[in-house]
Structure formats: C-alpha cells, structure tokens
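S.K.: Below you will find the structure I want to go over with you.
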Amino acid sequence: MSESETPIQETRINLAPAERTSPSISVRLLRLFSSLPNLGLLIFLIIAWQLASTVWLPSIDPHMAVLMPAPTLIAKTAAAMIASGELFYHLTASLKREAMAFLFSAVAIPLGIAMGWWRLVYNQVQPIMEILRPIPPLAWIPLSILWFGLGDEQNEFIIFLGMFFPILVNTIVGVKNIEPNLVRAARSLGAPEYKVLGRVVFKGALPQIITGVRIGLGVGWMALVAAELVGANSGLGFLINDARSMLRTDVIVVGMLTIGLIGLLIDIAIRMISRRLLPWSLALGR
Amino acid sequence: MGRLTVKGLSKVYGESSAAGSVTALQNVSFEVPDNQFCSILGHSGCGKTTLLNIAAGFEKPTSGSVMVDGEPIRTPGWQNTMIFQDYALFPWASVADNIAFGLEMKNMPRHKRLDTTQYFIGLVGLKGFENKYPHQLSGGMRQRVAIARALAVRPQLLLMDEPFAALDAQNRAFMQDELVRIWQREPKTVMLVTHSIDEAIKLSDCIAVMTRRPGRVKEFIQVELPRPRDEDDAAYLKLKRKLRDLIHDEMEEQ
Ligand SMILES: Nc1ncnc2c1ncn2[C@@H]1O[C@H](COP(=O)(O)OP(=O)(O)O)[C@@H](O)[C@H]1O
Ligand SMILES: [Mg+2]
C-alpha cells in the first residue's frame with residue numbers, strides 16, 4: 001500500500017521544476033524594455049504623421065486634413081468611443097459572429113480526421129473539397145444574402161467558409177503525418193480502433209489542428225470585416241463603413257486599428273493556449 | 001505462459017508470381033519454450049522485422065503461422081507487445097501516462113493501475129521521472145519507458161526490433177545488462193531481433209541464425225552459458241566464433 005502513496009507525493013514535488021521554466025515577470029519586463037529601441041522607426045513615423053496632419057496638410061488644403069486624422073485626434077476619438085461603450089458594442093458583435101462561426105467550422109476537425117484516416121472518406125470528399133476550396137468566401141456574399149438575408153446568419157456563414165478549409169486541410173495533414181509506429185504501439189498495447197483514433201490519432205494531429213485553427217480564425221476575421229461591410233448593422237466592419245458615409249476618418253482609423261489589434265490578440269491567445277496545452281509539440285520543433 | 005511456435009512461416013510481399021515480388025521469409029520454423037529469451041540473428045534485409053511484424057499481428061503471413069501456446073496470432077494486442085527501435089513513446093504523455101496506456105486499454109481499475117505503473121517505473125529504474133515527457137529524457141531512459149510500457153500489460157510474448165541500435169556503445173552494453181536484469185525479475189518469452197553477435201550471446205537462451213534473403217533459419221542454437229555471461233570465457237568465445245562463421249558463410253554466398 002505504501003507503494004500507492006509515494007507517486008502522489010512525488011507528483012507534487014516534480015511539478016515545481018516544470019513551472020519554474022516559464023520566465024518570471026521581471027524577466028519579461030526586462031525583455032520588453034530591451035526591445036524598446038526597435039520601436040524607434042515606428043515612433044518617428046507617428047511623429048511625422050502628427051506633423052503632416054496638423055501642420056503640413058492644413059497649410060495646403062484644409063479639406064485634405066480630414067482625410068488624414070492626426071494620431072492625437074485618433075487617440076481622443078478612441079477614448080471617447082471606449083467611454084461611450086460604442087467600440088465595445090461593435091467589438092462584441094464581431095467577436096460573437098467569429099465565435100459562432102468557429103463553433104460551426106469545428107466540424108472540420110472530425111471530418112478532417114475521418115478524411116486523413118479512412119482512404120474511402122478521403123476519396124469521396126476530396127473532389128468536393130477541391131471544387132469549393134478555391135472559391136473565396138467573399139464570392140459567397142451575394143448568394144448567402146439571398147439565402148439568409150442580411151444579418152448575423154449571413155455574416156457567420158461567410159466567416160464559417162473562411163475558417164472551414166484551413167482547419168480541414170491542416171487536420172488532414174496532421175493525421176496523415178502521424179508517426180505510424182505510434183499507431184502500431186497503441187494497437188500492440190491493446191487499444192481498440194476507436195481509442196486509437198481518440199487517444200493517438202487526434203492527439204498526434206493536435207499541433208497541426210491548432211495551426212489550422214489559428215489560420216482559420218485569422219482568415220475568418222478578415223472575412224468577417226468584409227461580410228460586415230456589406231450586410232450588417234453592427235460590428236467593426238459596419239462601424240468603419242458607416243463612418244465613411246459621415247466622413248469620420250478618425251472613427252474609421254480607430255475601427256481599423258481595433259480590427260488589427262484584436263486579430264493579433266486572437267493569434268497570440270491561440271499560441272499561448274497551444275504552448276500551455278502542448279509543451280511536447282514545441283520540443284518536436286513544430 | 002507463452003510457448004512460442006513459428007511453423008512453416010513464409011511471407012511474400014507483392015503478388016507471389018508477379019515480377020518485383022519479394023520473398024522475405026521462406027518456411028521458417030522454430031520453437032521457444034515458455035519464458036525463454038530468443039534472439040533472431042541475421043544480416044539486414046533477411047526478414048527479421050517481417051518476422052516480428054507477423055508475430056506482433058501487424059502483418060499477415062503468406063503461409064504458416066506464429067503461435068503462442070498453440071494459438072495463432074492474428075491481430076495486435078497486449079498478449080504480444082512490441083518494443084520499437086525508435087521507442088514510439090507517445091510524445092504528449094508523461095512517463096507514467098505512457099506506461100499506464102496499456103493498462104487503461106485493459107480497463108484496469110485506477111488504483112491498481114497506479115500501483116502497477118509505479119511498480120514498473122521502479123523496476124526499470126525511472127523513479128523520480130514519472131512526470132517527465134519523452135523529449136526530456138535521454139535515449140537510454142526512453143528505452144526504459146518503452147520496456148516498462150510493454151511489460152506493464154503482462155504480455156505472453158515480448159517482441160523487440162533491434163532495440164539498442166540507436167544507443168551509443170557504452171549505453172548499449174549497459175542497457176543490455178539492464179534488460180537481462182529486468183527480464184529475470186519479470187520472466188517473459190522474448191523474441192529479439194539483432195544483427196550483433198555479442199548482443200545475441202549476451203542476452204539469449206537460444207539464437208535463430210537467419211540466411212540472407214529469402215530468410216530461412218540456418219541454424220537454431222541453444223546457449224547454455226551461465227549468466228551473467230563473461231565475454232572472456234572460453235565457451236563464450238567458441239560460440240562467438242561459431243556464430244561468426246555462420247554469418248560469414250552468408251557473406252561468401254552473396
Ligand atoms: N512492406 C514491404 N513491402 C515490400 N517489401 C518489403 C516490405 N517490408 C520489407 N520488405 C522487404 O523484405 C525484405 C526483408 O525486410 P525486413 O524484414 O525489414 O528485413 P530486416 O529487418 O532483417 O532488415 C527486404 O528485402 C525488404 O525490402
Ligand atoms: Mg529490420
């Protein structure tokens with residue numbers, strides 16, 4: 001019985017070194033400061049932009065100054081839009097569509113596993129996939145408006161199309177690239193076929209699946225903005241298109257920056273999650 | 001329990017009459033008593049891996065069969081586990097989870113699984129490494145995990161395909177001794193493939209010397225030397241010379 005006690009204690013002891021490997025906050029701050037000189041060009045450009053919008057352009061033609069809002073004005077507008085909740089309202093509308101579309105496009109994961117694993121499924125689905133895949137999601141906008149009308153469903157459908165194929169293709173590749181001996185080892189240890197699929201094939205393909213999800217969320221985010229430009233009355237794409245009709249270039253730029261920033265944050269989040277979830281795959285150099 | 005019988009075993013890759021078909025094994029027969037350690041010795045390409053793959057249930061024989069206690073092996077399963085040359089450890093699972101995998105597949109209750117895993121971790125000398133991942137281990141330690149994982153399901157037959165080929169000379173000699181120690185604590189019928197004469201003598205109760213392609217058993221030799229085997233012992237050297245001549249003949253016949 002004492003044998004069964006020991007592993008639990010040792011589990012706790014062994015956790016410590018694993019946690020110590022992630023850099024401490026002070027190390028991260030140090031890295032941040034040391035990368036500051038790299039922002040020199042960016043800061044210079046912002047200053048030049050500021051001068052161009054407030055001094056140079058107004059001196060030529062006051063109307064042109066409107067087309068190039070100064071960084072200070074953009075910051076002020078951003079602060080006002082955050083305070084009023086307007087930016088948050090459009091952001092959540094967009095994020096909700098992205099999330100809904102992702103829930104649907106997650107179907108690509110089981111489908112991709114089935115296609116990577118069973119040749120018959122692959123042979124049947126692959127021609128359909130090859131026909132549909134080169135059609136840009138945006139080309140579906142007219143038909144999808146007729147199908148769903150303007151609104152969330154139509155938007156989500158366009159985003160879904162952007163996400164689906166990157167996830168599908170990467171899942172197939174992930175399954176096909178699994179080390180065959182891992183599958184054999186699992187069978188040799190008595191794993192029935194469904195456990196081979198769930199415990200070995202899925203896990204072995206997971207790094208590549210997550211890569212697909214990363215790409216898919218990125219493509220979906222781009223498709224989202226385009227879909228909202230055309231067929232929505234909320235969301236970041238709607239926001240910047242609506243601001244155009246009122247010549248609010250400052251609002252447009254705030255919207256554009258938000259779109260870029262959120263896209264980046266989504267990407268960073270997925271990378272952080274996968275690093276946490278799959279420490280082993282980084283070691284494999286994937 | 002695990003008397004291994006290889007009976008009239010042949011394997012032809014491709015359509016047997018067609019051009020380009022390869023006869024990997026031809027009428028191979030031998031028998032290994034329960035809990036004996038048997039080595040398959042032969043040049044590369046003589047069908048050793050093919051023999052193991054059939055014994056593991058990964059491939060179907062063209063004719064003949066591999067039997068354990070008179071029952072032909074048809075599918076892979078815990079009764080006949082394989083240790084791979086590249087270890088084939090699950091990279092996403094810790095040492096303990098790798099070893100527990102087969103036990104989980106056998107639906108062993110959790111507390112018993114933990115006990116068994118812990119016992120085999122101790123047996124192969126990996127105490128303190130339970131929560132490490134394969135990529136954090138040296139080659140020799142990965143080999144230990146693979147051995148523990150294969151033994152933990154308590155197979156009737158343990159198959160090993162050149163398990164030490166990827167290790168450096170020093171580690172290899174050390175792991176060979178370790179394998180004998182582990183096998184003496186957990187007796188099993190073992191079929192190990194090697195192209196090293198010394199490895200075969202050091203480890204085995206019996207050695208099947210294979211001919212070049214198509215692989216046939218050229219001679220089946222009982223090793224009567226006491227363990228641990230002494231490389232300078234006269235009987236050891238005599239056996240080594242005999243095996244070298246058998247293998248050498250194969251070179252001449254080329
Ligand atoms: N899947 C296969 N298809 C066709 N030929 C094969 C296959 N596997 C092995 N062979 C051939 O069978 C022969 C024996 O191979 P193998 O069993 O791997 O030998 P060894 O393990 O002794 O080096 C070789 O000539 C090899 O090319
Ligand atoms: Mg081989």
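By convention here, the chains of the structure tokens are called A, B, ... in the order presented, each chain's residues are numbered starting at 1, and ligands are numbered starting at 1 in the order presented.
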Got a sec to pull out which chain B residues are within 8 Å of chain A, counting only C-alpha atoms, and send them as a ChimeraX atom specification?
M.R.: /B:56,58,76-78,80-84,88-92,101-102,105-106,111,114-115,118-119,128,130-131,133,135,150,153
S.K.: Using only C-alpha atoms and all ligand atoms, which residues of the polymer chains come no farther than 12 Å from ligand 2? I'd like the answer as a ChimeraX atom specification.
M.R.: /B:24,40-53,84-86,160-163,165,192-195
S.K.: Give me the residues near Lys11 of chain B as a compact mmCIF listing (two decimals) with C-alpha atoms, in the first residue's frame, where near means some atom within 8 Å (using only C-alpha atoms) and where sequence neighbours in that chain fewer than 2 positions away do not count.
M.R.:
```
# COMPACT_ATOMS: atom_id res chain seq x y z
CA LEU B 9 6.17 -19.36 -41.90
CA TYR B 13 5.48 -9.06 -50.44
CA THR B 23 10.10 -13.33 -50.61
CA ALA B 24 11.06 -12.04 -47.19
CA LEU B 25 10.62 -15.29 -45.26
CA GLN B 26 10.60 -18.86 -46.52
CA THR B 50 8.96 -9.05 -41.13
CA PRO B 61 1.76 -14.39 -43.12
CA THR B 62 1.53 -15.68 -46.69
CA SER B 63 1.55 -19.19 -45.25
```
